[in-house]
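Working notes for the structure below.
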Amino acid sequence: MALSPLRAPYSGNSRRRKSSPWPTLFGLLICLVALYWVYNAFFGFNRKIKAAVQAAQAGHFDEATMRLNALEDAKPGDPRIVDIQGLLAVRQGKLDVAAKDYQNSEAFLREASSELHEQEGESYLGSGNYPAAELEYHHALVLDKGSPKAAYGSAVCAHAQGHLTQAIALYQQALSISPSMAEAQEGLRKARESHDRGVMYYMYDRNEQPLARIGINQDTLGERTYPEEQYAAHVVGALSQKFGDFGLEKDLKPLFPGMEVELTLDIRCQDAAQKALGWRKGAIVVLNPNTGEILAAVSQPSFKPEDLDLHPSVIRDNPNHPLLNRAFDGLYEPGSICKIITAAAALEANVDMSKLFPMTPDTSIMIDGKIFRDWEDHGKIRSLKEAMDVSSNIALARVAFAMGPDVLFEYINRFGFNQPFDLGFDLPGLGHYSIPVATPLAPLHADNQFELAERACGLGKEYRITPLHAALLAATIANHGVMMKPKLIRSVRNLAGQTLYSMTPEVQREIMSPETAEKIKQIMMDAVEGDRGIGKRARADGIEVAGKTGTARTHENDKELDAWFICFAPADKPQYAIAVLGDREGTGMSVAAPIAGALIQELTR
């Protein structure tokens with residue numbers, strides 16, 4: 001039988017040959033290596049890019065730079081690397097460098113996601129860094145023209161810089177993509193209102209009453225105007241070519257006009273204080289004693305900020321120094337208003353008043369060979385309360401002698417003398433904004449008994465206080481012995497409506513026990529409402545007032561008297577703590593007390 005050519009003859013003792021596994025394993029290994037290479041080339045690169053971004057966002061700039069340099073060595077000129085180099089440059093504040101990096105990468109990344117840069121823009125917007133936010137949002141919008149977030153963010157940045165035509169167009173672009181975008185609707189409304197008015201408001205009182213605005217039309221571009229004119233001029237301030245910048249316009253200059261700053265001032269209270277002070281030279285400060293908020297800060301004479309550079313000689317030749325903010329920066333001898341410090345210190349030190357009162361002090365006594373005078377003959381004084389009612393210098397000097405200088409000076413410093421005041425605040429990402437005011441001054445010791453007697457009565461050339469600090473003295477008693485930190489800024493918002501800063505009350509220091517504060521309150525009430533109280537001209541119909549008069553000689557001419565009155569009302573549940581200063585206007589009982597009474601009547605009606 002013929003054999004098939006396709007079959008080999010059977011051999012009974014032959015074995016089937018097995019194929020080798022190595023070619024298959026080798027091929028599998030090659031596939032795994034190829035897959036790893038592809039995975040590492042794509043996903044590993046992305047991981048390394050992400051790590052560089054995270055380092056930049058965390059502020060680890062050296063690490064981010066090192067990672068990007070390593071990536072650049074592996075893939076020179078890769079647009080994704082250039083893109084993140086731009087992000088890092090923005091984080092470092094090198095906006096010009098970043099702009100070039102973004103421009104170089106945009107042509108190759110048109111299809112890339114804009115999400116990362118939208119997030120970066122949002123973070124800068126949230127801290128009020130508009131230049132950085134603008135760069136990120138613009139880059140995001142180039143990468144994705146259909147992004148409503150990028151269009152909206154770019155609109156806010158344009159709005160903040162006063163480019164309202166551009167802002168309106170970008171708000172509309174965001175709404176054309178996302179018609180229900182509420183923040184874009186609100187931004188468009190505000191931009192159109194500002195465009196129609198021709199101004200942008202950027203500073204307000206606590207009730208949203210505008211205090212400052214900037215022109216955005218061609219004829220008024222950059223021109224600042226002030227709706228309240230001279231009535232809040234010293235606080236709001238101005239930018240002047242003739243006199244320099246001052247007030248909040250100077251202290252918060254980098255924030256304007258891109259931020260909306262709300263002050264603690266209440267224009268209703270400010271106007272009432274201005275009306276009460278009238279044409280007298282001086283100052284009034286009104287605080288909320290429970291929070292430290294400054295509700296009013298009036299300084300007289302004042303000025304119109306818009307007229308400073310128009311009529312500079314009117315300001316320069318005025319001997320009354322209208323640019324001086326007497327409320328915050330005027331330093332005056334406090335006089336008898338500081339007797340509340342002496343009384344509080346004595347009560348806290350448990351001075352035995354039965355060894356001092358009753359007394360019938362002379363109108364003058366010799367101390368260390370010098371004559372120390374009282375302001376009138378008070379007759380018999382039966383208690384510390386009566387000594388404060390009639391404001392007896394000699395009685396308070398004897399109280400100071402009984403407790404000694406160490407206790408008195410401890411409490412003078414507890415009340416904040418010799419310690420700088422700053423009304424400023426912090427903005428995350430932008431740092432501290434300082435709003436300095438004058439530092440109240442007091443000697444740190446008394447060289448002799450005569451000086452101790454003067455300090456007990458708030459007297460002496462080295463003893464100086466501002467009306468702001470004087471109001472704090474009254475507020476501390478009203479707040480049960482706790483001095484709150486004074487506050488002038490209530491909130492700061494960006495034009496996206498985000499609150500970057502919101503005021504919270506802060507305790508400056510616990511000065512005395514609540515029991516001592518209550519005793520001083522009763523003393524101050526009696527000084528106004530009692531039969532012997534010399535502050536009776538501060539009375540207000542239907543309102544109990546707790547107060548203390550003061551008369552001082554700050555100036556070289558001994559006949560020129562500064563009038564003081566500090567108080568709080570209603571005495572049982574204080575809403576207002578007030579300091580009134582009459583600069584060379586007379587005595588506290590005849591000038592400052594009636595001003596305070598008229599103001600309280602207006603505020604509580």
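In the structure tokens, chains take the letters A, B, ... in the order shown, each chain's residues start at 1, and ligands count up from 1 in the order shown.
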
Selection near segment 385-398 of chain A, 8 Å with only C-alpha atoms, sequence-local residues under 2 positions removed, as a ChimeraX atom specification:
/A:336,339,342-343,356,359,361-365,372-375,378,381-383,400-402,452-454,456-457,523-524,526-528,530,532-535,549

Distance in Å - atom CA of Gln449 of chain A versus atom CA of Phe409 of chain A:
13.3 Å

Mind pulling up the distance from atom CA of Ile595 of chain A to atom CA of Ile340 of chain A?
20.5 Å

Do you know which residues are at most 9 Å from Ser502 of chain A counting only C-alpha atoms, after dropping those on the same chain fewer than 3 positions away, and could you put them as a list in words?
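My reading of the contact set: Ile489, Arg490, Ser491, Val492, Arg493 and Thr499 of chain A.
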
Put those residues in a file: N, CA, C and O atoms, as a PDB file, in the first residue's frame.
ATOM      1  N   ILE A 489     -12.738  98.493  61.020  1.00  0.00           N
ATOM      2  CA  ILE A 489     -13.115  97.802  59.790  1.00  0.00           C
ATOM      3  C   ILE A 489     -14.055  96.655  60.138  1.00  0.00           C
ATOM      4  O   ILE A 489     -13.709  95.765  60.926  1.00  0.00           O
ATOM      5  N   ARG A 490     -15.240  96.676  59.537  1.00  0.00           N
ATOM      6  CA  ARG A 490     -16.240  95.649  59.832  1.00  0.00           C
ATOM      7  C   ARG A 490     -16.115  94.446  58.900  1.00  0.00           C
ATOM      8  O   ARG A 490     -16.263  93.311  59.324  1.00  0.00           O
ATOM      9  N   SER A 491     -15.861  94.697  57.621  1.00  0.00           N
ATOM     10  CA  SER A 491     -15.692  93.592  56.680  1.00  0.00           C
ATOM     11  C   SER A 491     -14.971  94.084  55.436  1.00  0.00           C
ATOM     12  O   SER A 491     -14.957  95.286  55.133  1.00  0.00           O
ATOM     13  N   VAL A 492     -14.371  93.120  54.726  1.00  0.00           N
ATOM     14  CA  VAL A 492     -13.757  93.375  53.419  1.00  0.00           C
ATOM     15  C   VAL A 492     -14.269  92.295  52.476  1.00  0.00           C
ATOM     16  O   VAL A 492     -14.183  91.100  52.786  1.00  0.00           O
ATOM     17  N   ARG A 493     -14.828  92.723  51.344  1.00  0.00           N
ATOM     18  CA  ARG A 493     -15.355  91.794  50.352  1.00  0.00           C
ATOM     19  C   ARG A 493     -14.691  92.050  49.005  1.00  0.00           C
ATOM     20  O   ARG A 493     -14.375  93.196  48.667  1.00  0.00           O
ATOM     21  N   THR A 499     -16.468  87.267  51.279  1.00  0.00           N
ATOM     22  CA  THR A 499     -15.978  88.006  52.445  1.00  0.00           C
ATOM     23  C   THR A 499     -14.571  87.533  52.786  1.00  0.00           C
ATOM     24  O   THR A 499     -14.366  86.370  53.140  1.00  0.00           O
TER      25      THR A 499
END

For segment 51-67 of chain A: contacts at 8 Å, only C-alpha atoms, fewer than 6 positions along chain excluded, given as a list of chain:residue names:
A:Ile84, A:Gln85, A:Leu87, A:Leu88, A:Arg91, A:Gln92

Give me the residues within 7 Å of segment 158-169 of chain A as a list in words, counting only C-alpha atoms and dropping any in the same chain fewer than 2 places off.
Ser154, Ala155, Val156, Tyr171, Gln172, Gln173, Leu188, Ala191, His195, Ile216, Pro257, Gly258 and Leu495 of chain A

Could you pull out all residues of segment 55-299 of chain A with a DSSP call of alpha helix (DSSP H) and give them as a PyMOL selection string?
chain A and resi 55-57+61-74+79-91+95-106+115-126+130-143+148-160+164-177+182-197+233-236+248-251+267-277

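Closest approach to Ala349 of chain A among A:Glu376, A:Glu306, A:Asp406, A:Glu193 is made by A:Asp406 (distances from only C-alpha atoms).
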
Can you pull out every residue within 8 Å of Met512 of chain A, counting only C-alpha atoms, but drop anything in the same chain fewer than 5 positions away, and send it as a ChimeraX atom specification?
/A:344,348,481-482,517

Quick one: write out the picked residues with all heavy atoms as a compact mmCIF listing (two decimals), in the first residue's frame?
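Final output, selection-v9.txt:
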# COMPACT_ATOMS: atom_id res chain seq x y z
N ALA A 344 -10.43 103.19 90.60
CA ALA A 344 -10.46 101.74 90.37
C ALA A 344 -9.26 101.05 91.01
O ALA A 344 -9.40 99.98 91.63
CB ALA A 344 -10.50 101.45 88.87
N GLU A 348 -9.46 98.20 93.89
CA GLU A 348 -8.86 96.88 93.64
C GLU A 348 -7.81 96.56 94.70
O GLU A 348 -7.62 95.40 95.06
CB GLU A 348 -8.21 96.85 92.26
CG GLU A 348 -9.19 96.83 91.09
CD GLU A 348 -9.70 95.42 90.78
OE1 GLU A 348 -8.97 94.64 90.14
OE2 GLU A 348 -10.84 95.11 91.20
N GLY A 481 -15.45 95.98 83.35
CA GLY A 481 -14.02 95.94 83.64
C GLY A 481 -13.17 95.32 82.54
O GLY A 481 -11.96 95.17 82.72
N VAL A 482 -13.79 94.97 81.41
CA VAL A 482 -13.07 94.35 80.30
C VAL A 482 -12.91 95.36 79.17
O VAL A 482 -13.90 95.88 78.67
CB VAL A 482 -13.80 93.10 79.78
CG1 VAL A 482 -13.07 92.51 78.57
CG2 VAL A 482 -13.93 92.06 80.90
N ALA A 517 -15.77 97.34 88.73
CA ALA A 517 -16.36 98.09 87.61
C ALA A 517 -17.76 98.57 87.97
O ALA A 517 -18.15 99.70 87.63
CB ALA A 517 -16.39 97.22 86.35

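Of note, atom CA of Asn418 of chain A and atom CA of Arg553 of chain A are spaced 20.3 Å apart.
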
Skipping near chain neighbours, those fewer than 2 positions away, what residues fall within 9 Å of Lys461 of chain A using only C-alpha atoms, listed as an MDAnalysis selection string?
chainID A and resid 333 459 463:464 553:554

Next, write the just-selected residues to a file, as a compact mmCIF listing (two decimals), in the first residue's frame, keeping N, CA and C atoms as the atom set.
# COMPACT_ATOMS: atom_id res chain seq x y z
N GLU A 333 -3.59 116.30 77.49
CA GLU A 333 -3.59 115.97 78.91
C GLU A 333 -5.00 115.52 79.30
N LEU A 459 -2.81 114.64 85.47
CA LEU A 459 -2.11 115.87 85.13
C LEU A 459 -0.62 115.60 84.88
N TYR A 463 1.74 113.19 80.49
CA TYR A 463 0.50 112.40 80.54
C TYR A 463 -0.38 112.85 79.38
N ARG A 464 -0.60 111.96 78.38
CA ARG A 464 -1.34 112.35 77.18
C ARG A 464 -2.25 111.20 76.73
N ARG A 553 -4.84 121.35 80.92
CA ARG A 553 -4.04 122.42 80.29
C ARG A 553 -2.94 121.78 79.45
N THR A 554 -3.29 121.38 78.26
CA THR A 554 -2.32 120.77 77.36
C THR A 554 -1.34 121.80 76.83

Would you return as number ranges by chain the members of segment 145-317 of chain A that DSSP assigns to strand (DSSP E) on this structure's backbone?
A: 199-204, 210-215, 224-225, 259-263, 282-287, 294-300
